[in-house]
>>> print(open('final-v8.json').read())   # JSON, C-alpha atoms and all ligand atoms
[["chain", "number", "residue", "atom", "x", "y", "z"],
["A", 1, "MET", "CA", 21.43, -155.55, -85.70],
["A", 2, "GLY", "CA", 20.04, -156.05, -89.22],
["A", 3, "ASP", "CA", 22.25, -154.23, -91.71],
["A", 4, "GLY", "CA", 23.87, -152.15, -88.96],
["A", 5, "ARG", "CA", 22.74, -148.69, -90.07],
["A", 6, "LEU", "CA", 21.46, -147.83, -86.63],
["A", 7, "LEU", "CA", 24.51, -149.35, -84.94],
["A", 8, "GLU", "CA", 26.71, -147.01, -87.00],
["A", 9, "ILE", "CA", 24.65, -143.96, -86.02],
["A", 10, "LEU", "CA", 24.84, -144.86, -82.33],
["A", 11, "ALA", "CA", 28.56, -145.67, -82.38],
["A", 12, "LYS", "CA", 29.41, -142.39, -84.13],
["A", 13, "ARG", "CA", 27.48, -140.49, -81.50],
["A", 14, "LYS", "CA", 29.38, -142.05, -78.57],
["A", 15, "PRO", "CA", 32.93, -142.83, -79.76],
["A", 16, "SER", "CA", 34.13, -143.63, -76.24],
["A", 17, "TRP", "CA", 31.61, -146.49, -75.93],
["A", 18, "MET", "CA", 32.19, -149.93, -77.38],
["A", 19, "TYR", "CA", 29.24, -151.22, -79.43],
["A", 20, "ILE", "CA", 28.58, -154.87, -80.25],
["A", 21, "GLY", "CA", 26.16, -155.68, -83.05],
["A", 22, "ILE", "CA", 24.69, -159.19, -83.09],
["A", 23, "GLU", "CA", 23.02, -160.64, -86.18],
["A", 24, "ILE", "CA", 22.23, -164.22, -87.12],
["A", 25, "HIS", "CA", 22.35, -163.74, -90.90],
["A", 26, "ASN", "CA", 25.84, -163.65, -92.32],
["A", 27, "ASP", "CA", 24.86, -161.57, -95.37],
["A", 28, "GLN", "CA", 23.68, -158.76, -93.07],
["A", 29, "CYS", "CA", 26.97, -158.96, -91.15],
["A", 30, "ILE", "CA", 28.97, -158.78, -94.38],
["A", 31, "GLN", "CA", 26.98, -155.69, -95.43],
["A", 32, "ALA", "CA", 27.49, -154.05, -92.06],
["A", 33, "ARG", "CA", 31.21, -154.86, -91.90],
["A", 34, "SER", "CA", 31.79, -153.52, -95.38],
["A", 35, "ARG", "CA", 30.30, -150.17, -94.42],
["A", 36, "ILE", "CA", 31.24, -149.67, -90.77],
["A", 37, "THR", "CA", 34.92, -149.01, -90.18],
["A", 38, "LEU", "CA", 34.60, -147.46, -86.72],
["A", 39, "PRO", "CA", 37.08, -148.70, -84.10],
["A", 40, "ASN", "CA", 34.37, -148.88, -81.43],
["A", 41, "VAL", "CA", 32.17, -151.40, -83.27],
["A", 42, "LEU", "CA", 32.38, -155.18, -83.12],
["A", 43, "ILE", "CA", 30.02, -157.22, -85.27],
["A", 44, "ILE", "CA", 29.25, -160.78, -84.25],
["A", 45, "ASN", "CA", 27.55, -163.25, -86.58],
["A", 46, "GLY", "CA", 25.47, -165.64, -84.50],
["A", 47, "SER", "CA", 22.34, -165.94, -82.40],
["A", 48, "PHE", "CA", 22.01, -163.51, -79.52],
["A", 49, "GLU", "CA", 20.65, -166.46, -77.52],
["A", 50, "ASP", "CA", 24.10, -168.05, -77.75],
["A", 51, "ILE", "CA", 26.19, -164.88, -77.57],
["A", 52, "VAL", "CA", 24.62, -162.87, -74.74],
["A", 53, "PRO", "CA", 25.12, -165.68, -72.16],
["A", 54, "THR", "CA", 28.88, -165.60, -72.91],
["A", 55, "PHE", "CA", 29.19, -162.00, -71.63],
["A", 56, "LEU", "CA", 30.30, -161.55, -68.02],
["A", 57, "ASN", "CA", 27.53, -160.89, -65.53],
["A", 58, "GLU", "CA", 27.08, -157.18, -64.72],
["A", 59, "SER", "CA", 29.41, -156.11, -67.53],
["A", 60, "ILE", "CA", 27.08, -154.34, -69.98],
["A", 61, "ASP", "CA", 25.89, -150.73, -69.71],
["A", 62, "GLU", "CA", 23.01, -150.99, -72.13],
["A", 63, "PHE", "CA", 21.22, -153.36, -74.47],
["A", 64, "ILE", "CA", 19.36, -151.83, -77.40],
["A", 65, "VAL", "CA", 16.84, -154.23, -78.88],
["A", 66, "VAL", "CA", 15.23, -152.82, -82.01],
["A", 67, "LEU", "CA", 12.33, -154.66, -83.62],
["A", 68, "PRO", "CA", 13.21, -158.16, -82.50],
["A", 69, "ASP", "CA", 11.83, -161.04, -84.48],
["A", 70, "PRO", "CA", 8.32, -161.97, -83.12],
["A", 71, "THR", "CA", 9.80, -165.21, -81.74],
["A", 72, "TYR", "CA", 11.51, -163.02, -79.15],
["A", 73, "ILE", "CA", 8.64, -160.73, -78.18],
["A", 74, "ASP", "CA", 5.30, -162.13, -79.36],
["A", 75, "GLN", "CA", 2.62, -162.23, -76.65],
["A", 76, "LYS", "CA", 1.81, -165.88, -77.43],
["A", 77, "LYS", "CA", 5.46, -166.88, -77.03],
["A", 78, "GLU", "CA", 6.13, -165.10, -73.75],
["A", 79, "GLU", "CA", 7.17, -168.23, -71.88],
["A", 80, "GLN", "CA", 9.68, -169.06, -74.62],
["A", 81, "TRP", "CA", 11.41, -165.68, -74.83],
["A", 82, "LYS", "CA", 11.36, -164.58, -71.19],
["A", 83, "PRO", "CA", 14.45, -166.65, -70.23],
["A", 84, "PHE", "CA", 16.46, -164.78, -72.86],
["A", 85, "TYR", "CA", 15.63, -161.37, -71.35],
["A", 86, "ASN", "CA", 16.36, -162.79, -67.94],
["A", 87, "SER", "CA", 19.88, -163.67, -69.09],
["A", 88, "LEU", "CA", 20.19, -160.19, -70.59],
["A", 89, "TYR", "CA", 19.20, -158.75, -67.19],
["A", 90, "LEU", "CA", 22.01, -160.67, -65.50],
["A", 91, "LYS", "CA", 24.57, -159.24, -67.94],
["A", 92, "LEU", "CA", 23.60, -155.63, -67.24],
["A", 93, "LYS", "CA", 25.50, -153.60, -64.68],
["A", 94, "LYS", "CA", 23.44, -152.29, -61.76],
["A", 95, "GLN", "CA", 21.40, -149.39, -63.12],
["A", 96, "GLY", "CA", 22.15, -150.72, -66.62],
["A", 97, "ARG", "CA", 19.55, -150.00, -69.24],
["A", 98, "LEU", "CA", 17.49, -151.92, -71.73],
["A", 99, "GLN", "CA", 15.90, -150.02, -74.57],
["A", 100, "LEU", "CA", 13.28, -152.03, -76.40],
["A", 101, "VAL", "CA", 11.61, -150.88, -79.60],
["A", 102, "THR", "CA", 8.88, -153.24, -80.74],
["A", 103, "GLU", "CA", 5.61, -153.23, -82.63],
["A", 104, "LEU", "CA", 2.00, -154.36, -82.45],
["A", 105, "THR", "CA", 0.05, -155.46, -85.50],
["A", 106, "ASP", "CA", -3.46, -156.83, -85.74],
["A", 107, "GLU", "CA", -3.70, -160.50, -86.79],
["A", 108, "LEU", "CA", -5.89, -159.48, -89.76],
["A", 109, "LEU", "CA", -3.69, -156.46, -90.46],
["A", 110, "GLU", "CA", -6.51, -154.08, -89.58],
["A", 111, "PRO", "CA", -5.58, -150.75, -87.98],
["A", 112, "VAL", "CA", -4.62, -151.18, -84.30],
["A", 113, "SER", "CA", -7.03, -149.30, -82.02],
["A", 114, "ASP", "CA", -5.89, -147.17, -79.09],
["A", 115, "ASP", "CA", -7.47, -149.72, -76.73],
["A", 116, "GLN", "CA", -5.61, -152.66, -78.27],
["A", 117, "TYR", "CA", -2.39, -150.68, -78.14],
["A", 118, "SER", "CA", -2.84, -149.68, -74.53],
["A", 119, "VAL", "CA", -3.70, -153.24, -73.34],
["A", 120, "TRP", "CA", -0.67, -154.57, -75.21],
["A", 121, "ALA", "CA", 1.66, -151.85, -73.88],
["A", 122, "ASN", "CA", 0.55, -152.65, -70.32],
["A", 123, "TRP", "CA", 1.17, -156.37, -70.86],
["A", 124, "LEU", "CA", 4.62, -155.65, -72.36],
["A", 125, "LYS", "CA", 5.65, -153.43, -69.44],
["A", 126, "SER", "CA", 4.42, -155.98, -66.92],
["A", 127, "CYS", "CA", 6.62, -158.67, -68.54],
["A", 128, "PHE", "CA", 9.76, -156.62, -68.05],
["A", 129, "VAL", "CA", 8.80, -155.44, -64.57],
["A", 130, "SER", "CA", 8.34, -159.10, -63.61],
["A", 131, "LEU", "CA", 11.95, -159.71, -64.73],
["A", 132, "GLY", "CA", 13.19, -157.03, -62.33],
["A", 133, "PHE", "CA", 13.32, -153.95, -64.58],
["A", 134, "SER", "CA", 11.87, -150.56, -63.71],
["A", 135, "LEU", "CA", 10.28, -148.48, -66.43],
["A", 136, "MET", "CA", 12.03, -145.12, -66.82],
["A", 137, "CYS", "CA", 9.83, -143.93, -69.67],
["A", 138, "GLN", "CA", 7.90, -145.06, -72.70],
["A", 139, "HIS", "CA", 7.13, -143.43, -76.04],
["A", 140, "ASP", "CA", 4.84, -144.21, -78.92],
["A", 141, "GLY", "CA", 6.90, -145.06, -81.99],
["A", 142, "ALA", "CA", 10.63, -145.50, -82.37],
["A", 143, "PRO", "CA", 13.04, -142.77, -81.22],
["A", 144, "ARG", "CA", 12.93, -140.00, -83.84],
["A", 145, "GLN", "CA", 16.64, -140.14, -84.62],
["A", 146, "TYR", "CA", 16.63, -143.93, -85.17],
["A", 147, "ILE", "CA", 16.89, -145.08, -88.76],
["A", 148, "SER", "CA", 16.87, -148.66, -89.96],
["A", 149, "ARG", "CA", 15.34, -150.57, -92.86],
["A", 150, "CYS", "CA", 12.54, -151.98, -90.68],
["A", 151, "ILE", "CA", 11.88, -148.76, -88.77],
["A", 152, "GLU", "CA", 11.49, -146.86, -92.02],
["A", 153, "GLN", "CA", 9.18, -149.52, -93.41],
["A", 154, "PHE", "CA", 7.04, -149.56, -90.24],
["A", 155, "ARG", "CA", 6.87, -145.76, -90.09],
["A", 156, "GLY", "CA", 5.20, -145.92, -93.49],
["A", 157, "ASP", "CA", 2.16, -147.73, -92.04],
["A", 158, "PRO", "CA", 1.62, -146.19, -88.59],
["A", 159, "LYS", "CA", -2.05, -147.13, -88.19],
["A", 160, "ARG", "CA", -1.48, -150.85, -88.79],
["A", 161, "ILE", "CA", 2.02, -151.13, -87.33],
["A", 162, "ARG", "CA", 2.18, -149.36, -83.98],
["A", 163, "MET", "CA", 5.61, -149.17, -82.47],
["A", 164, "ILE", "CA", 6.53, -148.49, -78.87],
["A", 165, "THR", "CA", 9.80, -147.66, -77.14],
["A", 166, "LEU", "CA", 10.34, -148.78, -73.55],
["A", 167, "ASN", "CA", 13.33, -147.44, -71.64],
["A", 168, "LEU", "CA", 13.97, -149.83, -68.76],
["A", 169, "VAL", "CA", 16.57, -149.89, -66.03],
["A", 170, "LYS", "CA", 17.93, -152.71, -63.90],
["A", 171, "LYS", "CA", 16.91, -152.12, -60.31],
["A", 201, "LIG", "C1", 12.84, -157.23, -87.86],
["A", 201, "LIG", "S1", 14.58, -157.32, -88.13],
["A", 201, "LIG", "C2", 15.17, -155.87, -87.31],
["A", 201, "LIG", "C3", 16.59, -155.58, -87.66],
["A", 201, "LIG", "C4", 17.13, -154.23, -87.20],
["A", 201, "LIG", "N1", 17.11, -154.11, -85.74],
["A", 201, "LIG", "C5", 16.37, -153.11, -87.88],
["A", 201, "LIG", "O1", 15.75, -152.31, -87.17],
["A", 201, "LIG", "O2", 16.43, -153.03, -89.13],
["A", 201, "LIG", "C6", 15.06, -158.64, -87.03],
["A", 201, "LIG", "C7", 16.50, -159.04, -87.23],
["A", 201, "LIG", "O3", 16.85, -159.98, -86.22],
["A", 201, "LIG", "C8", 17.66, -160.98, -86.81],
["A", 201, "LIG", "N2", 17.54, -162.16, -85.93],
["A", 201, "LIG", "C9", 16.49, -162.99, -85.79],
["A", 201, "LIG", "N3", 16.74, -163.93, -84.85],
["A", 201, "LIG", "C10", 17.98, -163.67, -84.37],
["A", 201, "LIG", "C11", 18.81, -164.29, -83.39],
["A", 201, "LIG", "N4", 18.37, -165.34, -82.70],
["A", 201, "LIG", "N5", 20.02, -163.78, -83.15],
["A", 201, "LIG", "C12", 20.46, -162.69, -83.85],
["A", 201, "LIG", "N6", 19.72, -162.05, -84.80],
["A", 201, "LIG", "C13", 18.50, -162.54, -85.06],
["A", 201, "LIG", "C14", 17.09, -161.16, -88.18],
["A", 201, "LIG", "O4", 18.00, -161.77, -89.07],
["A", 201, "LIG", "C15", 16.79, -159.70, -88.57],
["A", 201, "LIG", "O5", 17.90, -159.08, -89.16]]
>>> encode(input="final-v8.json", output="structure tokens", more="lines below")
Ligand SMILES: C[S@@+](CC[C@H](N)C(=O)[O-])C[C@H]1O[C@@H](n2cnc3c(N)ncnc32)[C@H](O)[C@@H]1O
Amino acid sequence: MGDGRLLEILAKRKPSWMYIGIEIHNDQCIQARSRITLPNVLIINGSFEDIVPTFLNESIDEFIVVLPDPTYIDQKKEEQWKPFYNSLYLKLKKQGRLQLVTELTDELLEPVSDDQYSVWANWLKSCFVSLGFSLMCQHDGAPRQYISRCIEQFRGDPKRIRMITLNLVKK
């Protein structure tokens, strides 16, 4: 969730939906709680690895994962993070959605070429397809209306930090 700016935008847009923001750092949760007073937002301080498994299976309409820490999406750590997304899959209702916004950077922080980006995007999609998701659509960059500290920072360096948005659905 970070500081919860995006969570607030989303929750204002759909007041009949309940939104749960998860963040491991308490200072971010304090910031978010001090600003967000919406009745449809619950902020939980903890690790999503501990919290998501406590949700009932097939109870969640959508997970929105925006710029997860590399530990939870890095290509070299695939075997470590895949079980987490598998548990997230189980918690989604049938036809439930996962929106993932993530980024590719070059190890030497050189600009990311179109080829590198396309190979990486194909690998990323294949990971989620292997978990049982179908790809509804994908976009370069983060959704235009999304604002967060990290998204704004990454948008400032689009050649070296290339974001992608995958909209996935549980089959
Ligand atoms: C790159 S930031 C993105 C934050 C936010 N989504 C944004 O766009 O500004 C990653 C966030 O994930 C949090 N985080 C890292 N590991 C976590 C975990 N296991 N459970 C919950 N939050 C975690 C970090 O504290 C940080 O706020």
>>> atom_distance(input="final-v8.json", atom1="atom CA of Arg162 of chain A", atom2="atom CA of Glu103 of chain A")
5.3 Å
>>> residues_near_ligand(input="final-v8.json", ligand="ligand LIG 201 (chain A)", cutoff="6 Å", atoms="all atoms listed in the file", output="list in words")
Met1, Gly2, Ile22, Glu23, Ile24, His25, Gly46, Ser47, Phe48, Glu49, Val66, Leu67, Pro68, Asp69, Ser148, Arg149, Cys150 and Ile151 of chain A
>>> closest_residue(input="final-v8.json", among="A:Gln153, A:Ser16, A:Thr71, A:Ser118", to="Leu38 of chain A", atoms="all atoms listed in the file")
A:Ser16
>>> residues_around(input="final-v8.json", residues="Ser126 of chain A", least_positions_apart="4", cutoff="12 Å", atoms="all atoms listed in the file", output="ChimeraX atom specification")
/A:75,78,82,119-122,130-135,166,168
>>> residues_around(input="final-v8.json", residues="Arg160 of chain A", least_positions_apart="4", cutoff="12 Å", atoms="all atoms listed in the file", output="ChimeraX atom specification")
/A:103-114,116-117,153-156
>>> residues_around(input="final-v8.json", residues="Leu7 of chain A", least_positions_apart="6", cutoff="12 Å", atoms="all atoms listed in the file", output="JSON, numbers by chain")
{"A": [1, 13, 14, 15, 17, 18, 19, 20, 21, 22, 23, 29, 32, 33, 35, 36, 37, 38, 40, 41, 42, 43, 63, 64, 65, 66, 146, 147, 148]}
>>> atom_distance(input="final-v8.json", atom1="atom CA of Ser59 of chain A", atom2="atom CA of Ile73 of chain A")
23.8 Å
>>> atom_distance(input="final-v8.json", atom1="atom CA of Lys12 of chain A", atom2="atom CA of Leu92 of chain A")
22.2 Å
>>> closest_residue(input="final-v8.json", among="A:Ile30, A:Thr54, A:Pro39, A:Val169", to="Tyr89 of chain A", atoms="only C-alpha atoms")
A:Val169
>>> residues_around(input="final-v8.json", residues="His139 of chain A", least_positions_apart="3", cutoff="10 Å", atoms="all atoms listed in the file", output="list of chain:residue names")
A:Val101, A:Ala142, A:Pro143, A:Met163, A:Ile164, A:Thr165, A:Leu166, A:Asn167
>>> write_last_selection(input="final-v8.json", atoms="C-alpha atoms", output="PDB file, keeping the file's coordinate frame")
ATOM      1  CA  VAL A 101      11.610-150.880 -79.600  1.00  0.00           C
ATOM      2  CA  ALA A 142      10.630-145.500 -82.370  1.00  0.00           C
ATOM      3  CA  PRO A 143      13.040-142.770 -81.220  1.00  0.00           C
ATOM      4  CA  MET A 163       5.610-149.170 -82.470  1.00  0.00           C
ATOM      5  CA  ILE A 164       6.530-148.490 -78.870  1.00  0.00           C
ATOM      6  CA  THR A 165       9.800-147.660 -77.140  1.00  0.00           C
ATOM      7  CA  LEU A 166      10.340-148.780 -73.550  1.00  0.00           C
ATOM      8  CA  ASN A 167      13.330-147.440 -71.640  1.00  0.00           C
TER       9      ASN A 167
END
>>> closest_residue(input="final-v8.json", among="A:Asp140, A:Leu88, A:Lys171, A:Glu79", to="Cys127 of chain A", atoms="all atoms listed in the file")
A:Glu79
>>> closest_residue(input="final-v8.json", among="A:Asp74, A:Glu62, A:Glu8, A:Asp50", to="Leu98 of chain A", atoms="all atoms listed in the file")
A:Glu62
>>> closest_residue(input="final-v8.json", among="A:Thr102, A:Asp61, A:Lys77, A:Asp157", to="Leu90 of chain A", atoms="all atoms listed in the file")
A:Asp61
>>> closest_residue(input="final-v8.json", among="A:Trp123, A:Trp81, A:Phe55, A:Phe128", to="Lys93 of chain A", atoms="only C-alpha atoms")
A:Phe55
>>> decode(input="final-v8.json", residues="segment 58-71 of chain A", atoms="all heavy atoms", output="CSV table (one decimal), in the first residue's frame")
chain,number,residue,atom,x,y,z
A,58,GLU,N,-11.8,-17.9,-2.1
A,58,GLU,CA,-12.8,-17.4,-3.0
A,58,GLU,C,-13.6,-16.3,-2.4
A,58,GLU,O,-14.9,-16.2,-2.6
A,58,GLU,CB,-13.7,-18.5,-3.5
A,58,GLU,CG,-12.9,-19.6,-4.2
A,58,GLU,CD,-13.7,-20.6,-5.0
A,58,GLU,OE1,-14.9,-20.5,-5.0
A,58,GLU,OE2,-13.0,-21.4,-5.7
A,59,SER,N,-13.0,-15.4,-1.7
A,59,SER,CA,-13.8,-14.3,-1.0
A,59,SER,C,-13.4,-12.9,-1.6
A,59,SER,O,-14.1,-11.9,-1.2
A,59,SER,CB,-13.5,-14.3,0.5
A,59,SER,OG,-12.1,-14.0,0.8
A,60,ILE,N,-12.4,-12.8,-2.4
A,60,ILE,CA,-11.9,-11.5,-2.8
A,60,ILE,C,-12.2,-11.2,-4.3
A,60,ILE,O,-12.0,-12.1,-5.1
A,60,ILE,CB,-10.3,-11.4,-2.6
A,60,ILE,CG1,-10.0,-11.7,-1.1
A,60,ILE,CG2,-9.8,-10.1,-3.0
A,60,ILE,CD1,-10.4,-10.7,-0.1
A,61,ASP,N,-12.7,-10.0,-4.6
A,61,ASP,CA,-13.0,-9.7,-6.0
A,61,ASP,C,-11.8,-9.3,-6.8
A,61,ASP,O,-11.7,-9.6,-8.0
A,61,ASP,CB,-14.0,-8.5,-6.0
A,61,ASP,CG,-15.3,-8.8,-5.5
A,61,ASP,OD1,-16.1,-9.5,-6.1
A,61,ASP,OD2,-15.6,-8.3,-4.3
A,62,GLU,N,-10.8,-8.6,-6.1
A,62,GLU,CA,-9.7,-8.1,-6.9
A,62,GLU,C,-8.5,-7.8,-5.9
A,62,GLU,O,-8.7,-7.3,-4.9
A,62,GLU,CB,-10.1,-6.8,-7.6
A,62,GLU,CG,-8.9,-6.3,-8.5
A,62,GLU,CD,-9.4,-5.2,-9.4
A,62,GLU,OE1,-10.5,-4.6,-9.2
A,62,GLU,OE2,-8.6,-4.9,-10.4
A,63,PHE,N,-7.3,-8.2,-6.4
A,63,PHE,CA,-6.1,-7.8,-5.7
A,63,PHE,C,-5.4,-6.8,-6.7
A,63,PHE,O,-5.3,-7.0,-7.9
A,63,PHE,CB,-5.1,-9.0,-5.5
A,63,PHE,CG,-5.5,-9.8,-4.4
A,63,PHE,CD1,-6.1,-11.1,-4.6
A,63,PHE,CD2,-5.2,-9.5,-3.1
A,63,PHE,CE1,-6.5,-11.9,-3.5
A,63,PHE,CE2,-5.5,-10.3,-2.0
A,63,PHE,CZ,-6.2,-11.5,-2.2
A,64,ILE,N,-4.9,-5.7,-6.1
A,64,ILE,CA,-4.2,-4.7,-6.9
A,64,ILE,C,-2.8,-4.6,-6.3
A,64,ILE,O,-2.7,-4.2,-5.1
A,64,ILE,CB,-4.9,-3.3,-6.8
A,64,ILE,CG1,-6.4,-3.5,-7.4
A,64,ILE,CG2,-4.2,-2.3,-7.6
A,64,ILE,CD1,-7.2,-2.2,-7.2
A,65,VAL,N,-1.9,-5.0,-7.0
A,65,VAL,CA,-0.5,-5.1,-6.5
A,65,VAL,C,0.3,-4.1,-7.3
A,65,VAL,O,0.6,-4.3,-8.5
A,65,VAL,CB,0.1,-6.5,-6.8
A,65,VAL,CG1,1.5,-6.6,-6.3
A,65,VAL,CG2,-0.8,-7.6,-6.0
A,66,VAL,N,0.7,-3.0,-6.6
A,66,VAL,CA,1.4,-1.9,-7.3
A,66,VAL,C,2.8,-1.8,-6.9
A,66,VAL,O,3.1,-1.5,-5.7
A,66,VAL,CB,0.6,-0.6,-7.1
A,66,VAL,CG1,1.4,0.6,-7.7
A,66,VAL,CG2,-0.8,-0.7,-7.6
A,67,LEU,N,3.7,-2.1,-7.8
A,67,LEU,CA,5.2,-2.0,-7.6
A,67,LEU,C,5.6,-2.7,-6.3
A,67,LEU,O,6.2,-2.1,-5.4
A,67,LEU,CB,5.6,-0.5,-7.5
A,67,LEU,CG,5.2,0.3,-8.7
A,67,LEU,CD1,5.6,1.8,-8.6
A,67,LEU,CD2,5.8,-0.2,-10.0
A,68,PRO,N,5.4,-4.0,-6.4
A,68,PRO,CA,5.8,-4.8,-5.2
A,68,PRO,C,7.4,-4.8,-5.1
A,68,PRO,O,8.1,-4.6,-6.1
A,68,PRO,CB,5.4,-6.2,-5.6
A,68,PRO,CG,5.2,-6.3,-7.0
A,68,PRO,CD,4.8,-4.9,-7.4
A,69,ASP,N,7.8,-4.9,-3.9
A,69,ASP,CA,9.2,-5.0,-3.6
A,69,ASP,C,9.8,-6.2,-4.5
A,69,ASP,O,9.2,-7.2,-4.8
A,69,ASP,CB,9.3,-5.4,-2.1
A,69,ASP,CG,10.7,-5.3,-1.6
A,69,ASP,OD1,11.5,-6.2,-1.9
A,69,ASP,OD2,11.0,-4.4,-0.9
A,70,PRO,N,11.1,-6.0,-5.1
A,70,PRO,CA,11.6,-7.0,-6.0
A,70,PRO,C,11.6,-8.4,-5.4
A,70,PRO,O,11.5,-9.4,-6.1
A,70,PRO,CB,13.1,-6.5,-6.2
A,70,PRO,CG,13.0,-5.1,-5.9
A,70,PRO,CD,11.9,-4.8,-4.9
A,71,THR,N,11.7,-8.5,-4.1
A,71,THR,CA,11.6,-9.9,-3.4
A,71,THR,C,10.4,-10.6,-3.9
A,71,THR,O,10.4,-11.9,-3.9
A,71,THR,CB,11.5,-9.7,-1.9
A,71,THR,OG1,12.5,-8.8,-1.5
A,71,THR,CG2,11.7,-11.0,-1.2
